[in-house]
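Only one structure is covered here, and it is reproduced in the block below.
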Amino acid sequence: MSRPDGDRAPRLFGRPVPPRTVAWLTVVWLLLWGELSVANVLGGLLAALAVVWLLPLPARKPALRIHPARLLVFLAVFAADLVISSARVAFWALRFGTVPPMEIVEVRLRTSSEVMAVLTVVALSALPGSLVLEARLADGELILHVLGLTGDVQGRTREDVAKLEARIVAAFGTTADREELR
């Protein structure tokens with residue numbers, strides 16, 4: 001669990017005690033006991049306070065932010081991409097005796113965030129007709145196997161990946177992630 005309110009949290013004997021974490025742990029305690037009583041609530045509060053005081057979590061910045069409107073855009077476009085790529089693969093699968101065009105494409109990601117890179121890799125792997133063969137996250141490079149595209153496959157694939165990455169960063173990225181794409 002992250003502690004976004006780490007510095008503003010009340011202190012108990014000099015250590016921060018984040019209220020949201022205490023509340024969450026108390027709810028978990030009550031669910032485990034299965035009965036709502038004053039004793040269980042007080043026991044849960046005491047157990048939660050002991051856990052957060054004895055085992056403090058380091059404060060960290062969240063690497064993922066959800067932007068609801070941009071998430072809806074990402075999901076709508078991704079759903080359309082799923083339908084289109086499924087139809088493309090089905091078209092080539094039903095053409096017996098014809099080998100579909102295939103290419104290996106190297107793509108450089110524009111963001112340095114590993115979280116955004118992983119989300120991009122997952123999205124690309126979910127699309128029929130594309131497969132991430134290698135992901136060098138430290139270098140921001142992906143090697144893709146692309147099936148069923150004709151024409152300028154290299155340019156088209158790089159453009160499609162850049163657009164997908166931009167939608168992912170818009171939906172899930174931090175301010176720093178979005179600044180990298182400008």
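Naming works like this for the structure tokens: A, B, ... for the chains as they're shown, residue 1 at the start of each chain, ligands 1 onward in shown order.
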Write out as a ChimeraX atom specification all residues of chain A that DSSP puts in helix (DSSP H, G or I) for this structure's backbone. /A:19-33,38-54,68-93,114-126,153-172,175-180
Mind checking which residues fall within 10 Å of Ser113 in chain A, counting only C-alpha atoms, ignoring those fewer than 4 positions away in the same chain, and posting them as a tab-separated table (two decimals) with N, CA, C and O atoms, in the first residue's frame?
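Generated output (part.tsv):
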chain	number	residue	atom	x	y	z
A	63	ALA	N	3.21	5.55	-9.51
A	63	ALA	CA	3.69	5.49	-10.89
A	63	ALA	C	2.54	5.38	-11.87
A	63	ALA	O	2.76	5.30	-13.07
A	64	LEU	N	1.33	5.39	-11.36
A	64	LEU	CA	0.17	5.19	-12.21
A	64	LEU	C	-0.95	6.10	-11.73
A	64	LEU	O	-1.27	6.11	-10.55
A	109	LEU	N	10.09	3.21	-27.91
A	109	LEU	CA	9.07	3.90	-27.13
A	109	LEU	C	9.56	5.30	-26.77
A	109	LEU	O	10.75	5.54	-26.63
A	117	ALA	N	5.69	1.45	-20.28
A	117	ALA	CA	6.23	0.50	-21.25
A	117	ALA	C	5.58	-0.88	-21.08
A	117	ALA	O	5.21	-1.52	-22.06
A	118	VAL	N	5.41	-1.31	-19.84
A	118	VAL	CA	4.79	-2.61	-19.58
A	118	VAL	C	3.33	-2.60	-20.04
A	118	VAL	O	2.85	-3.56	-20.65
A	137	LEU	N	13.27	-2.84	-21.94
A	137	LEU	CA	12.69	-1.69	-21.26
A	137	LEU	C	13.73	-0.66	-20.87
A	137	LEU	O	13.45	0.54	-20.87
A	138	ALA	N	14.94	-1.09	-20.57
A	138	ALA	CA	15.99	-0.14	-20.21
A	138	ALA	C	16.32	0.79	-21.38
A	138	ALA	O	16.61	1.97	-21.19
A	140	GLY	N	14.10	1.18	-23.93
A	140	GLY	CA	12.84	1.65	-24.51
A	140	GLY	C	12.59	1.10	-25.89
A	140	GLY	O	11.96	1.76	-26.72
A	169	VAL	N	-0.47	6.51	-22.07
A	169	VAL	CA	0.09	7.54	-21.19
A	169	VAL	C	-0.98	8.55	-20.81
A	169	VAL	O	-1.05	9.01	-19.68
A	173	GLY	N	-0.86	7.73	-17.29
A	173	GLY	CA	0.44	8.32	-16.99
A	173	GLY	C	0.40	9.44	-15.97
A	173	GLY	O	-0.62	10.09	-15.74
A	174	THR	N	1.56	9.65	-15.36
A	174	THR	CA	1.73	10.79	-14.45
A	174	THR	C	2.00	12.03	-15.29
A	174	THR	O	2.16	11.96	-16.50
A	176	ALA	N	4.72	13.71	-15.36
A	176	ALA	CA	6.06	13.56	-15.95
A	176	ALA	C	6.00	12.67	-17.20
A	176	ALA	O	6.68	12.96	-18.20
A	177	ASP	N	5.19	11.61	-17.18
A	177	ASP	CA	5.05	10.74	-18.34
A	177	ASP	C	4.45	11.50	-19.52
A	177	ASP	O	4.91	11.38	-20.66
A	180	GLU	N	6.91	13.85	-21.24
A	180	GLU	CA	7.88	13.20	-22.11
A	180	GLU	C	7.37	13.05	-23.54
A	180	GLU	O	8.16	13.02	-24.47
Quick one: residues within 9 Å of Leu142 in chain A, only C-alpha atoms, excluding same-chain residues fewer than 3 positions away - as a VMD selection string? chain A and resid 105 to 109 121 132 to 137 139
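Separating CA of Arg156 in chain A from CA of Arg65 in chain A is a distance of 28.9 Å.
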Residues of range 56-135 of chain A classed as strand (DSSP E) by DSSP on the backbone are to be reported as an mmCIF file with all heavy atoms, in the first residue's frame.
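Writing done, so here's result-v7.cif:
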data_model
loop_
_atom_site.group_PDB
_atom_site.id
_atom_site.type_symbol
_atom_site.label_atom_id
_atom_site.label_comp_id
_atom_site.auth_asym_id
_atom_site.auth_seq_id
_atom_site.Cartn_x
_atom_site.Cartn_y
_atom_site.Cartn_z
ATOM 1 N N MET A 102 4.339 -11.167 -43.158
ATOM 2 C CA MET A 102 4.836 -11.085 -41.790
ATOM 3 C C MET A 102 6.107 -10.249 -41.799
ATOM 4 O O MET A 102 6.886 -10.329 -42.735
ATOM 5 C CB MET A 102 5.175 -12.474 -41.246
ATOM 6 C CG MET A 102 3.994 -13.390 -41.099
ATOM 7 S SD MET A 102 4.507 -15.016 -40.575
ATOM 8 C CE MET A 102 4.609 -15.837 -42.152
ATOM 9 N N GLU A 103 6.292 -9.472 -40.744
ATOM 10 C CA GLU A 103 7.520 -8.697 -40.618
ATOM 11 C C GLU A 103 7.914 -8.572 -39.168
ATOM 12 O O GLU A 103 7.076 -8.626 -38.274
ATOM 13 C CB GLU A 103 7.349 -7.293 -41.206
ATOM 14 C CG GLU A 103 7.556 -7.254 -42.695
ATOM 15 C CD GLU A 103 7.937 -5.893 -43.205
ATOM 16 O OE1 GLU A 103 8.853 -5.258 -42.634
ATOM 17 O OE2 GLU A 103 7.303 -5.478 -44.169
ATOM 18 N N ILE A 104 9.207 -8.377 -38.979
ATOM 19 C CA ILE A 104 9.760 -8.069 -37.668
ATOM 20 C C ILE A 104 10.044 -6.575 -37.668
ATOM 21 O O ILE A 104 10.718 -6.069 -38.561
ATOM 22 C CB ILE A 104 11.060 -8.859 -37.394
ATOM 23 C CG1 ILE A 104 10.837 -10.363 -37.560
ATOM 24 C CG2 ILE A 104 11.623 -8.509 -36.035
ATOM 25 C CD1 ILE A 104 9.916 -10.974 -36.543
ATOM 26 N N VAL A 105 9.503 -5.885 -36.676
ATOM 27 C CA VAL A 105 9.630 -4.425 -36.616
ATOM 28 C C VAL A 105 10.231 -4.035 -35.272
ATOM 29 O O VAL A 105 9.775 -4.506 -34.232
ATOM 30 C CB VAL A 105 8.253 -3.736 -36.791
ATOM 31 C CG1 VAL A 105 8.381 -2.225 -36.771
ATOM 32 C CG2 VAL A 105 7.570 -4.210 -38.060
ATOM 33 N N GLU A 106 11.221 -3.165 -35.315
ATOM 34 C CA GLU A 106 11.798 -2.622 -34.087
ATOM 35 C C GLU A 106 11.199 -1.246 -33.850
ATOM 36 O O GLU A 106 11.200 -0.400 -34.743
ATOM 37 C CB GLU A 106 13.317 -2.511 -34.202
ATOM 38 C CG GLU A 106 13.970 -2.108 -32.905
ATOM 39 C CD GLU A 106 15.480 -2.172 -32.965
ATOM 40 O OE1 GLU A 106 16.009 -3.064 -33.656
ATOM 41 O OE2 GLU A 106 16.116 -1.324 -32.319
ATOM 42 N N VAL A 107 10.673 -1.052 -32.647
ATOM 43 C CA VAL A 107 9.989 0.193 -32.299
ATOM 44 C C VAL A 107 10.636 0.779 -31.056
ATOM 45 O O VAL A 107 10.903 0.061 -30.100
ATOM 46 C CB VAL A 107 8.479 -0.060 -32.036
ATOM 47 C CG1 VAL A 107 7.775 1.219 -31.635
ATOM 48 C CG2 VAL A 107 7.818 -0.694 -33.229
ATOM 49 N N ARG A 108 10.867 2.070 -31.078
ATOM 50 C CA ARG A 108 11.404 2.757 -29.897
ATOM 51 C C ARG A 108 10.254 3.486 -29.218
ATOM 52 O O ARG A 108 9.534 4.258 -29.842
ATOM 53 C CB ARG A 108 12.484 3.755 -30.305
ATOM 54 C CG ARG A 108 13.051 4.502 -29.100
ATOM 55 C CD ARG A 108 14.283 5.294 -29.463
ATOM 56 N NE ARG A 108 15.462 4.487 -29.697
ATOM 57 C CZ ARG A 108 16.185 3.909 -28.743
ATOM 58 N NH1 ARG A 108 15.809 4.021 -27.492
ATOM 59 N NH2 ARG A 108 17.254 3.221 -29.033
ATOM 60 N N SER A 130 -0.217 -9.198 -33.635
ATOM 61 C CA SER A 130 1.033 -8.588 -33.169
ATOM 62 C C SER A 130 1.524 -9.375 -31.967
ATOM 63 O O SER A 130 0.737 -9.842 -31.151
ATOM 64 C CB SER A 130 0.831 -7.116 -32.797
ATOM 65 O OG SER A 130 0.043 -6.986 -31.646
ATOM 66 N N LEU A 131 2.828 -9.515 -31.895
ATOM 67 C CA LEU A 131 3.435 -10.252 -30.800
ATOM 68 C C LEU A 131 4.729 -9.546 -30.428
ATOM 69 O O LEU A 131 5.529 -9.219 -31.302
ATOM 70 C CB LEU A 131 3.731 -11.688 -31.227
ATOM 71 C CG LEU A 131 4.455 -12.564 -30.215
ATOM 72 C CD1 LEU A 131 3.574 -12.831 -29.008
ATOM 73 C CD2 LEU A 131 4.899 -13.859 -30.851
ATOM 74 N N VAL A 132 4.904 -9.286 -29.148
ATOM 75 C CA VAL A 132 6.144 -8.668 -28.686
ATOM 76 C C VAL A 132 7.157 -9.789 -28.514
ATOM 77 O O VAL A 132 7.017 -10.637 -27.634
ATOM 78 C CB VAL A 132 5.933 -7.890 -27.372
ATOM 79 C CG1 VAL A 132 7.241 -7.276 -26.902
ATOM 80 C CG2 VAL A 132 4.879 -6.813 -27.554
ATOM 81 N N LEU A 133 8.168 -9.808 -29.381
ATOM 82 C CA LEU A 133 9.202 -10.837 -29.301
ATOM 83 C C LEU A 133 10.230 -10.521 -28.228
ATOM 84 O O LEU A 133 10.716 -11.408 -27.545
ATOM 85 C CB LEU A 133 9.915 -10.972 -30.655
ATOM 86 C CG LEU A 133 9.058 -11.425 -31.824
ATOM 87 C CD1 LEU A 133 9.870 -11.396 -33.105
ATOM 88 C CD2 LEU A 133 8.488 -12.806 -31.576
ATOM 89 N N GLU A 134 10.554 -9.233 -28.121
ATOM 90 C CA GLU A 134 11.554 -8.825 -27.148
ATOM 91 C C GLU A 134 11.231 -7.421 -26.675
ATOM 92 O O GLU A 134 10.850 -6.564 -27.469
ATOM 93 C CB GLU A 134 12.944 -8.846 -27.788
ATOM 94 C CG GLU A 134 14.065 -8.627 -26.821
ATOM 95 C CD GLU A 134 15.433 -8.807 -27.477
ATOM 96 O OE1 GLU A 134 15.515 -9.373 -28.575
ATOM 97 O OE2 GLU A 134 16.405 -8.353 -26.866
ATOM 98 N N ALA A 135 11.385 -7.201 -25.397
ATOM 99 C CA ALA A 135 11.162 -5.877 -24.820
ATOM 100 C C ALA A 135 12.409 -5.496 -24.040
ATOM 101 O O ALA A 135 12.717 -6.119 -23.032
ATOM 102 C CB ALA A 135 9.937 -5.880 -23.912
#
Name the residues in contact with range 44-53 of chain A at a cut-off of 9 Å, using only C-alpha atoms, excluding same-chain residues fewer than 3 positions from it; report them as a list in words. Leu12, Phe13, Arg15, Pro16, Val17, Pro18, Thr21, Val22, Ala23, Trp24, Leu25, Thr26, Val27, Val28, Trp29, Leu30, Ala39, Asn40, Val41, Pro56 and Leu57 of chain A
So what do you get for CA of Glu141 in chain A versus CA of Ser112 in chain A, distance-wise? 10.3 Å
